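**Q** Next comes the structure file final04.cif, holding mmCIF, C-alpha atoms.
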data_start
loop_
_atom_site.label_atom_id
_atom_site.label_comp_id
_atom_site.auth_asym_id
_atom_site.auth_seq_id
_atom_site.Cartn_x
_atom_site.Cartn_y
_atom_site.Cartn_z
CA MET A 1 -12.57 -34.00 11.44
CA SER A 2 -14.52 -32.83 8.45
CA LEU A 3 -16.62 -35.97 8.56
CA LEU A 4 -17.57 -34.97 12.09
CA ASN A 5 -18.40 -31.43 11.01
CA TYR A 6 -20.77 -32.87 8.52
CA PHE A 7 -23.10 -34.07 11.25
CA LYS A 8 -22.75 -31.11 13.56
CA LYS A 9 -25.53 -28.56 13.83
CA SER A 10 -25.07 -25.57 11.59
CA LYS A 11 -23.22 -22.75 13.31
CA PRO A 12 -24.51 -19.16 13.45
CA ASN A 13 -23.60 -17.09 10.42
CA THR A 14 -20.98 -14.72 11.86
CA ALA A 15 -20.19 -13.20 8.46
CA GLN A 16 -23.73 -11.82 8.27
CA LEU A 17 -23.30 -10.33 11.73
CA ALA A 18 -19.99 -8.77 10.69
CA LYS A 19 -21.60 -7.22 7.63
CA GLU A 20 -24.48 -5.71 9.60
CA ARG A 21 -22.14 -4.25 12.22
CA LEU A 22 -19.88 -2.80 9.56
CA GLN A 23 -22.71 -1.26 7.57
CA ILE A 24 -23.96 0.63 10.62
CA LEU A 25 -20.49 1.69 11.71
CA VAL A 26 -19.27 2.77 8.31
CA ALA A 27 -22.44 4.77 7.61
CA HIS A 28 -22.01 6.55 10.95
CA GLU A 29 -18.33 7.27 10.39
CA ARG A 30 -18.99 8.59 6.89
CA THR A 31 -21.46 11.20 8.12
CA GLN A 32 -18.96 12.31 10.74
CA ARG A 33 -16.24 12.52 8.11
CA ASN A 34 -18.18 15.15 6.18
CA GLN A 35 -18.70 17.35 9.20
CA PRO A 36 -16.79 20.60 9.40
CA SER A 37 -13.66 20.32 11.50
CA TYR A 38 -14.68 23.18 13.78
CA LEU A 39 -17.72 21.25 15.07
CA PRO A 40 -16.22 19.73 18.26
CA GLU A 41 -14.73 23.09 19.25
CA LEU A 42 -18.03 24.88 18.56
CA GLN A 43 -19.88 22.29 20.62
CA LYS A 44 -17.52 22.82 23.55
CA GLU A 45 -17.82 26.59 23.48
CA LEU A 46 -21.61 26.57 23.12
CA MET A 47 -21.80 24.24 26.07
CA ALA A 48 -19.73 26.59 28.19
CA VAL A 49 -21.97 29.56 27.32
CA ILE A 50 -25.20 27.70 28.06
CA LYS A 51 -23.88 26.41 31.37
CA LYS A 52 -23.25 29.99 32.46
CA TYR A 53 -27.00 30.60 32.45
CA VAL A 54 -28.70 27.25 32.84
CA GLN A 55 -27.73 24.24 34.92
CA VAL A 56 -27.67 21.46 32.36
CA ASN A 57 -25.79 18.23 32.03
CA GLN A 58 -23.60 17.30 29.15
CA ASP A 59 -26.22 14.81 27.97
CA ASP A 60 -28.91 17.49 27.80
CA ILE A 61 -27.22 19.26 24.93
CA SER A 62 -26.95 17.72 21.51
CA ILE A 63 -25.55 19.17 18.33
CA ASN A 64 -26.44 17.68 15.00
CA TYR A 65 -24.91 18.52 11.68
CA GLU A 66 -26.58 17.44 8.48
CA SER A 67 -25.92 18.32 4.91
CA ASP A 68 -27.48 17.46 1.61
CA ASP A 69 -27.03 18.88 -1.86
CA GLU A 70 -29.04 21.99 -1.15
CA GLN A 71 -28.31 23.05 2.40
CA GLU A 72 -26.41 22.43 5.57
CA THR A 73 -28.24 22.34 8.88
CA LEU A 74 -26.77 22.80 12.29
CA GLU A 75 -29.25 21.71 14.91
CA LEU A 76 -28.77 22.58 18.56
CA ASN A 77 -31.02 20.86 21.04
CA ILE A 78 -31.06 21.77 24.76
CA VAL A 79 -33.25 19.99 27.26
CA LEU A 80 -33.94 22.49 30.04
CA PRO A 81 -34.32 21.20 33.60
CA ASP A 82 -37.88 20.97 35.01
CA ASN A 83 -37.49 23.40 37.90
CA VAL A 84 -36.66 26.45 35.76
CA MET B 1 2.51 9.61 -19.06
CA ALA B 2 3.74 8.05 -15.84
CA ARG B 3 1.22 6.90 -13.26
CA ILE B 4 1.71 6.80 -9.53
CA ILE B 5 -0.01 3.92 -7.74
CA VAL B 6 -0.31 3.85 -3.96
CA VAL B 7 -0.81 0.51 -2.25
CA THR B 8 -2.59 1.34 0.98
CA SER B 9 -4.91 -0.12 3.62
CA GLY B 10 -4.82 1.68 6.95
CA LYS B 11 -4.52 -1.61 8.81
CA GLY B 12 -1.22 -3.44 9.07
CA GLY B 13 -0.50 -7.01 8.05
CA VAL B 14 -3.10 -7.21 5.29
CA GLY B 15 -0.60 -7.66 2.45
CA LYS B 16 0.46 -4.19 1.26
CA THR B 17 4.12 -5.04 0.78
CA THR B 18 3.35 -8.45 -0.76
CA THR B 19 0.98 -6.68 -3.15
CA SER B 20 3.41 -3.85 -3.95
CA ALA B 21 6.18 -6.32 -4.76
CA ALA B 22 3.88 -8.51 -6.84
CA ILE B 23 2.25 -5.82 -8.94
CA ALA B 24 5.49 -3.89 -9.47
CA MET B 25 7.13 -7.08 -10.75
CA GLY B 26 4.03 -7.85 -12.82
CA LEU B 27 4.01 -4.43 -14.49
CA ALA B 28 7.76 -4.65 -15.13
CA LYS B 29 7.42 -8.13 -16.64
CA LYS B 30 4.85 -6.68 -19.02
CA GLY B 31 7.62 -4.43 -20.30
CA HIS B 32 6.78 -1.26 -18.40
CA LYS B 33 9.64 0.45 -16.63
CA THR B 34 8.49 0.40 -13.01
CA ALA B 35 9.84 1.79 -9.75
CA VAL B 36 8.60 0.59 -6.39
CA ILE B 37 9.18 2.79 -3.34
CA ASP B 38 9.09 1.74 0.31
CA PHE B 39 7.51 4.55 2.36
CA ASP B 40 7.78 2.72 5.68
CA VAL B 41 10.59 4.81 7.16
CA GLY B 42 12.16 3.04 10.12
CA LEU B 43 10.57 -0.32 9.26
CA ARG B 44 11.98 -1.14 5.84
CA ASN B 45 10.74 -4.48 4.49
CA LEU B 46 10.04 -4.21 0.79
CA ASP B 47 13.72 -4.97 0.06
CA LEU B 48 13.36 -8.25 1.93
CA ILE B 49 10.20 -9.29 0.07
CA LEU B 50 11.93 -8.51 -3.22
CA GLY B 51 15.12 -10.29 -2.18
CA CYS B 52 17.47 -7.32 -2.59
CA GLU B 53 18.12 -6.59 1.11
CA ARG B 54 21.86 -7.11 0.78
CA ARG B 55 22.19 -4.69 -2.10
CA VAL B 56 20.84 -1.65 -0.27
CA VAL B 57 23.44 1.11 -0.13
CA TYR B 58 21.48 4.34 -0.26
CA ASP B 59 17.81 4.89 0.54
CA PHE B 60 14.85 7.19 -0.07
CA VAL B 61 15.83 9.64 2.68
CA ASN B 62 19.43 9.84 1.38
CA VAL B 63 18.01 10.93 -1.98
CA ILE B 64 15.68 13.49 -0.42
CA ASN B 65 18.56 14.94 1.60
CA GLY B 66 20.83 15.08 -1.43
CA GLU B 67 23.28 12.56 0.07
CA ALA B 68 22.87 10.29 -2.95
CA THR B 69 21.48 10.60 -6.44
CA LEU B 70 18.36 8.74 -7.44
CA ASN B 71 20.39 6.52 -9.75
CA GLN B 72 22.72 5.58 -6.90
CA ALA B 73 19.84 4.62 -4.63
CA LEU B 74 17.66 2.72 -7.12
CA ILE B 75 18.32 -1.03 -7.05
CA LYS B 76 17.82 -2.80 -10.36
CA ASP B 77 16.09 -6.15 -9.96
CA LYS B 78 18.16 -9.16 -10.98
CA ARG B 79 15.24 -11.06 -12.49
CA CYS B 80 13.67 -8.23 -14.47
CA ASP B 81 15.64 -5.29 -15.82
CA LYS B 82 12.55 -3.07 -15.98
CA LEU B 83 12.04 -3.15 -12.21
CA PHE B 84 13.78 -0.78 -9.80
CA VAL B 85 13.46 -0.58 -6.02
CA LEU B 86 13.89 2.49 -3.83
CA PRO B 87 14.29 1.21 -0.27
CA ALA B 88 13.05 3.02 2.85
CA SER B 89 15.45 4.50 5.32
CA GLN B 90 15.99 2.78 8.65
CA THR B 91 16.28 6.14 10.42
CA ARG B 92 14.17 6.68 13.49
CA ASP B 93 13.60 10.30 12.51
CA LYS B 94 9.88 10.43 11.80
CA ASP B 95 10.17 13.74 9.97
CA ALA B 96 12.71 12.44 7.46
CA LEU B 97 10.09 12.47 4.70
CA THR B 98 8.73 15.83 3.59
CA VAL B 99 6.09 16.76 1.02
CA GLU B 100 8.65 18.76 -0.94
CA GLY B 101 11.25 16.00 -0.80
CA VAL B 102 8.87 13.23 -1.85
CA GLY B 103 7.39 15.46 -4.56
CA LYS B 104 10.84 16.16 -5.96
CA VAL B 105 11.83 12.46 -6.10
CA LEU B 106 8.53 11.45 -7.70
CA LYS B 107 8.82 14.22 -10.28
CA GLU B 108 12.26 12.97 -11.26
CA LEU B 109 11.08 9.34 -11.41
CA LYS B 110 8.15 10.35 -13.63
CA LYS B 111 10.59 11.44 -16.33
CA THR B 112 11.84 7.93 -17.01
CA PHE B 113 9.39 5.49 -15.40
CA LYS B 114 5.97 4.37 -16.62
CA TYR B 115 4.67 3.20 -13.27
CA ILE B 116 5.70 4.25 -9.77
CA VAL B 117 4.33 1.99 -7.04
CA CYS B 118 4.28 3.51 -3.54
CA ASP B 119 4.20 0.92 -0.76
CA SER B 120 2.44 2.71 2.09
CA PRO B 121 3.14 1.98 5.75
CA ALA B 122 0.22 1.01 7.99
CA GLY B 123 -1.60 3.70 9.91
CA ILE B 124 -2.52 7.24 8.91
CA GLU B 125 0.66 9.03 9.98
CA ARG B 126 3.08 10.99 7.85
CA GLY B 127 4.50 8.05 5.85
CA ALA B 128 1.04 6.82 4.87
CA HIS B 129 -0.08 10.34 4.05
CA LEU B 130 2.93 11.03 1.81
CA ALA B 131 2.64 7.65 0.07
CA MET B 132 -0.86 8.54 -1.16
CA TYR B 133 -0.49 12.32 -1.51
CA PHE B 134 0.77 12.34 -5.11
CA ALA B 135 -1.06 9.20 -6.28
CA ASP B 136 -3.10 8.83 -9.47
CA ASP B 137 -4.44 5.38 -8.56
CA ALA B 138 -4.97 3.70 -5.19
CA PHE B 139 -4.95 -0.03 -4.59
CA VAL B 140 -6.83 -0.49 -1.33
CA VAL B 141 -5.74 -3.81 0.14
CA THR B 142 -8.41 -5.27 2.40
CA ASN B 143 -8.87 -8.53 4.29
CA PRO B 144 -12.41 -9.91 4.63
CA GLU B 145 -12.46 -9.03 8.29
CA VAL B 146 -14.17 -6.23 10.26
CA SER B 147 -11.19 -4.15 11.38
CA SER B 148 -9.56 -4.21 7.96
CA VAL B 149 -12.77 -3.16 6.17
CA ARG B 150 -13.34 -0.33 8.61
CA ASP B 151 -9.77 0.93 8.25
CA SER B 152 -10.03 0.73 4.46
CA ASP B 153 -13.12 2.91 4.57
CA ARG B 154 -11.27 5.40 6.74
CA MET B 155 -8.42 5.36 4.24
CA LEU B 156 -10.89 6.06 1.39
CA GLY B 157 -12.01 9.16 3.26
CA ILE B 158 -8.40 10.32 3.52
CA LEU B 159 -7.72 9.59 -0.17
CA SER B 160 -10.69 11.72 -1.19
CA SER B 161 -9.87 14.67 1.04
CA LYS B 162 -6.14 14.82 1.80
CA SER B 163 -4.48 14.00 -1.51
CA GLN B 164 -2.95 16.52 -3.88
CA ARG B 165 -5.69 15.78 -6.39
CA ALA B 166 -8.32 16.55 -3.75
CA GLU B 167 -6.58 19.73 -2.63
CA LYS B 168 -6.28 21.00 -6.20
CA SER B 169 -9.84 19.84 -7.04
CA GLU B 170 -8.52 17.69 -9.88
CA THR B 171 -9.99 14.36 -11.03
CA PRO B 172 -10.04 12.24 -7.86
CA ILE B 173 -7.65 9.34 -7.30
CA LYS B 174 -8.94 6.17 -8.96
CA GLU B 175 -9.62 3.67 -6.19
CA TYR B 176 -9.49 -0.09 -6.61
CA LEU B 177 -10.24 -2.89 -4.17
CA LEU B 178 -7.85 -5.81 -3.72
CA LEU B 179 -9.33 -8.38 -1.38
CA THR B 180 -6.51 -10.47 0.07
CA ARG B 181 -6.29 -13.60 2.26
CA TYR B 182 -9.66 -14.73 0.95
CA ASN B 183 -10.86 -18.15 2.01
CA PRO B 184 -13.80 -19.31 -0.16
CA ALA B 185 -14.45 -22.34 2.06
CA ARG B 186 -14.99 -20.17 5.13
CA VAL B 187 -17.12 -17.74 3.12
CA LYS B 188 -19.32 -20.66 2.12
CA LEU B 189 -19.70 -21.66 5.77
CA GLY B 190 -20.77 -18.12 6.67
CA GLU B 191 -17.60 -17.57 8.68
CA MET B 192 -16.02 -14.93 6.49
CA LEU B 193 -17.27 -11.80 4.72
CA SER B 194 -17.77 -12.49 1.01
CA VAL B 195 -16.48 -10.38 -1.89
CA ASP B 196 -20.00 -9.06 -2.35
CA ASP B 197 -20.31 -8.16 1.33
CA VAL B 198 -17.10 -6.15 1.25
CA GLN B 199 -18.09 -4.46 -2.00
CA ASP B 200 -21.53 -3.60 -0.58
CA ILE B 201 -19.83 -1.80 2.27
CA LEU B 202 -16.93 -0.12 0.48
CA SER B 203 -18.52 0.35 -2.99
CA LEU B 204 -15.17 0.04 -4.75
CA HIS B 205 -14.21 -1.30 -8.13
CA LEU B 206 -12.88 -4.82 -7.53
CA LEU B 207 -9.50 -5.33 -9.17
CA GLY B 208 -9.03 -8.83 -7.84
CA VAL B 209 -9.31 -11.39 -5.07
CA ILE B 210 -6.15 -13.02 -3.75
CA PRO B 211 -6.85 -16.28 -1.97
CA GLU B 212 -5.24 -17.13 1.36
CA SER B 213 -2.26 -19.06 0.07
CA GLN B 214 0.76 -20.93 1.32
CA ALA B 215 2.61 -19.58 -1.69
CA VAL B 216 2.77 -16.11 -0.12
CA LEU B 217 4.88 -17.20 2.86
CA ASN B 218 7.03 -19.41 0.67
CA ALA B 219 7.61 -16.44 -1.63
CA SER B 220 8.58 -14.07 1.17
CA ASN B 221 10.84 -16.70 2.73
CA SER B 222 12.86 -16.77 -0.44
CA GLY B 223 12.61 -13.09 -1.39
CA THR B 224 10.71 -13.78 -4.59
CA PRO B 225 7.60 -11.75 -5.41
CA VAL B 226 4.73 -14.26 -5.34
CA ILE B 227 3.68 -13.27 -8.87
CA LEU B 228 6.76 -15.15 -10.13
CA ASP B 229 5.33 -18.38 -8.68
CA GLU B 230 3.20 -18.87 -11.75
CA ALA B 231 1.87 -22.22 -10.62
CA SER B 232 0.40 -20.81 -7.42
CA ASP B 233 -3.12 -19.48 -6.95
CA ALA B 234 -1.88 -16.22 -5.40
CA GLY B 235 0.65 -15.74 -8.21
CA GLN B 236 -2.00 -16.22 -10.88
CA SER B 237 -4.36 -13.95 -9.03
CA TYR B 238 -1.80 -11.13 -8.99
CA SER B 239 -1.10 -11.69 -12.70
CA ASP B 240 -4.82 -11.27 -13.40
CA ILE B 241 -4.82 -8.08 -11.32
CA VAL B 242 -1.97 -6.61 -13.36
CA ASP B 243 -3.74 -7.54 -16.61
CA ARG B 244 -7.01 -6.02 -15.42
CA TYR B 245 -5.26 -2.85 -14.31
CA LEU B 246 -3.70 -2.59 -17.78
CA GLY B 247 -7.16 -2.80 -19.28
CA GLU B 248 -7.58 -6.48 -20.10
CA ASP B 249 -10.94 -8.04 -19.42
CA LYS B 250 -10.28 -11.09 -17.28
CA PRO B 251 -12.92 -13.02 -15.34
CA HIS B 252 -12.42 -13.17 -11.58
CA ARG B 253 -10.99 -16.40 -10.20
CA PHE B 254 -10.48 -17.95 -6.76
CA ILE B 255 -13.76 -16.56 -5.44
CA ASP B 256 -15.50 -19.91 -5.23
CA GLU B 257 -14.33 -22.99 -3.43
CA GLU B 258 -12.40 -25.51 -5.47
CA LYS B 259 -14.43 -28.62 -6.05
CA LYS B 260 -13.04 -31.44 -3.96
CA GLY B 261 -13.73 -35.10 -4.57
CA LEU B 262 -15.34 -37.34 -1.98
CA PHE B 263 -11.91 -38.36 -0.71
CA GLY B 264 -10.80 -34.78 -0.33
CA ARG B 265 -13.89 -33.95 1.63
CA LEU B 266 -13.66 -36.93 3.96
CA PHE B 267 -10.00 -36.71 4.74
CA ARG B 268 -9.41 -32.99 4.79
CA SER B 269 -8.01 -32.19 8.22
#
Any chance you could give the structure as structure tokens?
**A**
Amino acid sequence: MSLLNYFKKSKPNTAQLAKERLQILVAHERTQRNQPSYLPELQKELMAVIKKYVQVNQDDISINYESDDEQETLELNIVLPDNV
Amino acid sequence: MARIIVVTSGKGGVGKTTTSAAIAMGLAKKGHKTAVIDFDVGLRNLDLILGCERRVVYDFVNVINGEATLNQALIKDKRCDKLFVLPASQTRDKDALTVEGVGKVLKELKKTFKYIVCDSPAGIERGAHLAMYFADDAFVVTNPEVSSVRDSDRMLGILSSKSQRAEKSETPIKEYLLLTRYNPARVKLGEMLSVDDVQDILSLHLLGVIPESQAVLNASNSGTPVILDEASDAGQSYSDIVDRYLGEDKPHRFIDEEKKGLFGRLFRS
């Protein structure tokens, strides 16, 4: 069996793929981990308020939380529909 | 001063109980009075790995509820008189463990034991939370495999935010990486994450690599902690880990593939 393997074409490096996928995922999950726990609730309530006045889809509203040593930023981005 | 070690991982089946049994026995064999506690309420297994399943009379929950004293529940190991086991309860009551109850038992153990090893259940539920809550050191057991690495990272987040040390803003829990079921041959072929890959992702201090080994199943079959199989690769690897934890400087082994002769290479199945 291993003699056969010797002549086979080299297989794709799946370990490298695993590492790349994990690096992206873990980085993403770590930023989420540091977010305040009230964020999902806040997002939901803001959405409800905005929808009272403007017809927007869920995808048109994005909330971003970022923090570094000096400051924390809460960014709210609403894409308004064209016909307003 | 006693130290509490939690053996944790998030994911199941990576070798937490095997590791708990091995390092507890290793520390005890070095002359340190050591207790090892099974936190997996409802799915007790540490007793089986340590070969004392038929000597269980009282368990962790009995002690917490005051139905037995700690001395009644602790099982003294027959091979090493410095090692004591506190088995988990087989109750199905998920709320059997409480922060106060666990804290009380650990406080009492700290009076007479040097090391207290907490074998965490899988998952991030109550048992896993309580196993790490009072810890001074964490052994994060990880397999070189995507789901295990991800769960370990999740566990690291919990260790740094939900432990008593975190809540009281004390020195954080010391975290160590134990990479288990490592297969250097597959790493070489690019089929398995390497030690360096896993360390790049988790950025943890590597305490040791335990190779995928037939000795582990043989050890659990017979209820002998694998560290007592001194001829085996896994046994030696766990011995190194205990030495390193106790401050000895030992080079890492079992990371590279064993050199095989031409015959070995041709006829390996």
**Q** Output the contact residues of chain A with respect to chain B at a cut-off of 8 Å, based on only C-alpha atoms, as a count of residues only.
**A** 15
**Q** Got a sec: who's within 9 Å of B:Val6, counting only C-alpha atoms, leaving out chain neighbours fewer than 6 positions off, as a PDB file with C-alpha atoms, in the coordinates of the input?
**A**
ATOM      1  CA  SER B  20       3.410  -3.850  -3.950  1.00  0.00           C
ATOM      2  CA  ILE B 116       5.700   4.250  -9.770  1.00  0.00           C
ATOM      3  CA  VAL B 117       4.330   1.990  -7.040  1.00  0.00           C
ATOM      4  CA  CYS B 118       4.280   3.510  -3.540  1.00  0.00           C
ATOM      5  CA  ASP B 119       4.200   0.920  -0.760  1.00  0.00           C
ATOM      6  CA  SER B 120       2.440   2.710   2.090  1.00  0.00           C
ATOM      7  CA  ALA B 131       2.640   7.650   0.070  1.00  0.00           C
ATOM      8  CA  MET B 132      -0.860   8.540  -1.160  1.00  0.00           C
ATOM      9  CA  TYR B 133      -0.490  12.320  -1.510  1.00  0.00           C
ATOM     10  CA  PHE B 134       0.770  12.340  -5.110  1.00  0.00           C
ATOM     11  CA  ALA B 135      -1.060   9.200  -6.280  1.00  0.00           C
ATOM     12  CA  ASP B 136      -3.100   8.830  -9.470  1.00  0.00           C
ATOM     13  CA  ASP B 137      -4.440   5.380  -8.560  1.00  0.00           C
ATOM     14  CA  ALA B 138      -4.970   3.700  -5.190  1.00  0.00           C
ATOM     15  CA  PHE B 139      -4.950  -0.030  -4.590  1.00  0.00           C
ATOM     16  CA  VAL B 140      -6.830  -0.490  -1.330  1.00  0.00           C
TER      17      VAL B 140
END
**Q** To one decimal in Å, tell me the separation between atom CA of B:Asp243 and atom CA of B:Leu86.
**A**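 Computed distance, atom CA of B:Asp243 to atom CA of B:Leu86, equals 24.0 Å.
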**Q** Quick one: residues within 12 Å of stretch 64-71 of chain A, all atoms listed in the file, excluding same-chain residues fewer than 3 positions away - as a PDB file with C-alpha atoms, keeping the file's coordinate frame?
**A**
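See part10.pdb below for the written result:
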ATOM      1  CA  ARG A  30     -18.990   8.590   6.890  1.00  0.00           C
ATOM      2  CA  THR A  31     -21.460  11.200   8.120  1.00  0.00           C
ATOM      3  CA  GLN A  32     -18.960  12.310  10.740  1.00  0.00           C
ATOM      4  CA  ARG A  33     -16.240  12.520   8.110  1.00  0.00           C
ATOM      5  CA  ASN A  34     -18.180  15.150   6.180  1.00  0.00           C
ATOM      6  CA  GLN A  35     -18.700  17.350   9.200  1.00  0.00           C
ATOM      7  CA  PRO A  36     -16.790  20.600   9.400  1.00  0.00           C
ATOM      8  CA  SER A  37     -13.660  20.320  11.500  1.00  0.00           C
ATOM      9  CA  TYR A  38     -14.680  23.180  13.780  1.00  0.00           C
ATOM     10  CA  LEU A  39     -17.720  21.250  15.070  1.00  0.00           C
ATOM     11  CA  PRO A  40     -16.220  19.730  18.260  1.00  0.00           C
ATOM     12  CA  LEU A  42     -18.030  24.880  18.560  1.00  0.00           C
ATOM     13  CA  GLN A  43     -19.880  22.290  20.620  1.00  0.00           C
ATOM     14  CA  ILE A  61     -27.220  19.260  24.930  1.00  0.00           C
ATOM     15  CA  LEU A  74     -26.770  22.800  12.290  1.00  0.00           C
ATOM     16  CA  GLU A  75     -29.250  21.710  14.910  1.00  0.00           C
ATOM     17  CA  LEU A  76     -28.770  22.580  18.560  1.00  0.00           C
ATOM     18  CA  ASN A  77     -31.020  20.860  21.040  1.00  0.00           C
ATOM     19  CA  ILE A  78     -31.060  21.770  24.760  1.00  0.00           C
TER      20      ILE A  78
END
**Q** Under the rule that all atoms listed in the file are counted, which of B:Ser203, B:Ala35, B:Glu67, B:Glu53 is the nearest residue to B:Leu106?
**A**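 That would be B:Ala35, the residue with the smallest distance to B:Leu106.
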**Q** What's the separation between atom CA of B:Arg55 and atom CA of B:Leu74, in Å to one decimal place?
**A**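 Calculated distance between atom CA of B:Arg55 and atom CA of B:Leu74 is 10.0 Å.
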**Q** Please compute the atom CA of B:Glu175-atom CA of B:Lys94 distance, one decimal, in Å.
**A**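 The value is 27.4 Å.
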**Q** So that I can see what lies close to B:Val14, please list as a ChimeraX atom specification the residues with an atom at most 12 Å from it, counting all atoms listed in the file and leaving out residues fewer than 2 positions away in the same chain.
**A** /B:7-12,16-20,120-123,140-145,147-149,151-152,178-182,210,212,216
**Q** Using all atoms listed in the file, determine which residues lie at most 12 Å from B:Glu258, disregarding the query and same-chain residues fewer than 4 positions distant; provide the list as an MDAnalysis selection string.
**A** chainID B and resid 183:185 188 211 233 253:254 264:265
**Q** Do you know which residues the PyMOL selection byres ((chain B and resi 112) around 12) returns on this file, as a list in words?
**A** Met1, Ala2, Arg3, His32, Lys33, Thr34, Ala35, Leu70, Asn71, Lys82, Phe84, Val105, Leu106, Lys107, Glu108, Leu109, Lys110, Lys111, Phe113, Lys114, Tyr115 and Ile116 of chain B
**Q** How big is the axis-aligned box, and where does its centre sit, when it encloses all atoms of stretch 24-35 of chain A listed in the file and has 5 Å added on every side, reported in Å to one decimal as JSON?
**A**
{"center_x": -20.1, "center_y": 9.0, "center_z": 8.9, "size_x": 17.7, "size_y": 26.7, "size_z": 15.5}
**Q** Where does the PyMOL selection byres ((chain A and resi 55) around 12) land in this file, that is, which residues does it pick, as a PyMOL selection string?
**A** chain A and resi 47-54+56-61+78-84
**Q** Taking the file as shown, find all residues satisfying the PyMOL selection byres ((chain B and resi 62) around 12) and write them as a PDB file with C-alpha atoms, in the frame of the given file.
**A**
ATOM      1  CA  VAL B  41      10.590   4.810   7.160  1.00  0.00           C
ATOM      2  CA  VAL B  56      20.840  -1.650  -0.270  1.00  0.00           C
ATOM      3  CA  VAL B  57      23.440   1.110  -0.130  1.00  0.00           C
ATOM      4  CA  TYR B  58      21.480   4.340  -0.260  1.00  0.00           C
ATOM      5  CA  ASP B  59      17.810   4.890   0.540  1.00  0.00           C
ATOM      6  CA  PHE B  60      14.850   7.190  -0.070  1.00  0.00           C
ATOM      7  CA  VAL B  61      15.830   9.640   2.680  1.00  0.00           C
ATOM      8  CA  VAL B  63      18.010  10.930  -1.980  1.00  0.00           C
ATOM      9  CA  ILE B  64      15.680  13.490  -0.420  1.00  0.00           C
ATOM     10  CA  ASN B  65      18.560  14.940   1.600  1.00  0.00           C
ATOM     11  CA  GLY B  66      20.830  15.080  -1.430  1.00  0.00           C
ATOM     12  CA  GLU B  67      23.280  12.560   0.070  1.00  0.00           C
ATOM     13  CA  ALA B  68      22.870  10.290  -2.950  1.00  0.00           C
ATOM     14  CA  THR B  69      21.480  10.600  -6.440  1.00  0.00           C
ATOM     15  CA  LEU B  70      18.360   8.740  -7.440  1.00  0.00           C
ATOM     16  CA  ASN B  71      20.390   6.520  -9.750  1.00  0.00           C
ATOM     17  CA  GLN B  72      22.720   5.580  -6.900  1.00  0.00           C
ATOM     18  CA  ALA B  73      19.840   4.620  -4.630  1.00  0.00           C
ATOM     19  CA  LEU B  74      17.660   2.720  -7.120  1.00  0.00           C
ATOM     20  CA  LEU B  86      13.890   2.490  -3.830  1.00  0.00           C
ATOM     21  CA  PRO B  87      14.290   1.210  -0.270  1.00  0.00           C
ATOM     22  CA  ALA B  88      13.050   3.020   2.850  1.00  0.00           C
ATOM     23  CA  SER B  89      15.450   4.500   5.320  1.00  0.00           C
ATOM     24  CA  GLN B  90      15.990   2.780   8.650  1.00  0.00           C
ATOM     25  CA  THR B  91      16.280   6.140  10.420  1.00  0.00           C
ATOM     26  CA  ALA B  96      12.710  12.440   7.460  1.00  0.00           C
ATOM     27  CA  LEU B  97      10.090  12.470   4.700  1.00  0.00           C
ATOM     28  CA  GLY B 101      11.250  16.000  -0.800  1.00  0.00           C
ATOM     29  CA  VAL B 102       8.870  13.230  -1.850  1.00  0.00           C
ATOM     30  CA  VAL B 105      11.830  12.460  -6.100  1.00  0.00           C
TER      31      VAL B 105
END
**Q** May I have the residues within 10 Å of B:Tyr245 as number ranges by chain, using only C-alpha atoms and disregarding those fewer than 6 positions away in the same chain?
**A** B: 23, 27, 176, 207-208, 239
**Q** Using all atoms listed in the file, which residue out of B:Ala219, B:Leu48, B:Val85, B:Leu206 lies closest to B:Ile255?
**A**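 Selected residue with least distance to B:Ile255: B:Leu206.
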**Q** Output stretch 77-82 of chain B with N, CA, C and O atoms present, as a CSV table (one decimal), keeping the file's coordinate frame.
**A**
chain,number,residue,atom,x,y,z
B,77,ASP,N,16.4,-4.8,-10.3
B,77,ASP,CA,16.1,-6.2,-10.0
B,77,ASP,C,16.9,-7.1,-10.8
B,77,ASP,O,17.1,-6.8,-12.0
B,78,LYS,N,17.3,-8.2,-10.2
B,78,LYS,CA,18.2,-9.2,-11.0
B,78,LYS,C,17.4,-10.1,-11.9
B,78,LYS,O,17.9,-10.7,-12.8
B,79,ARG,N,16.1,-10.2,-11.7
B,79,ARG,CA,15.2,-11.1,-12.5
B,79,ARG,C,14.6,-10.3,-13.6
B,79,ARG,O,14.2,-10.9,-14.7
B,80,CYS,N,14.4,-9.0,-13.4
B,80,CYS,CA,13.7,-8.2,-14.5
B,80,CYS,C,14.3,-6.9,-14.6
B,80,CYS,O,14.3,-6.1,-13.6
B,81,ASP,N,14.9,-6.5,-15.7
B,81,ASP,CA,15.6,-5.3,-15.8
B,81,ASP,C,14.8,-4.0,-16.0
B,81,ASP,O,15.3,-2.9,-16.1
B,82,LYS,N,13.5,-4.2,-15.9
B,82,LYS,CA,12.6,-3.1,-16.0
B,82,LYS,C,12.1,-2.6,-14.6
B,82,LYS,O,11.4,-1.7,-14.4
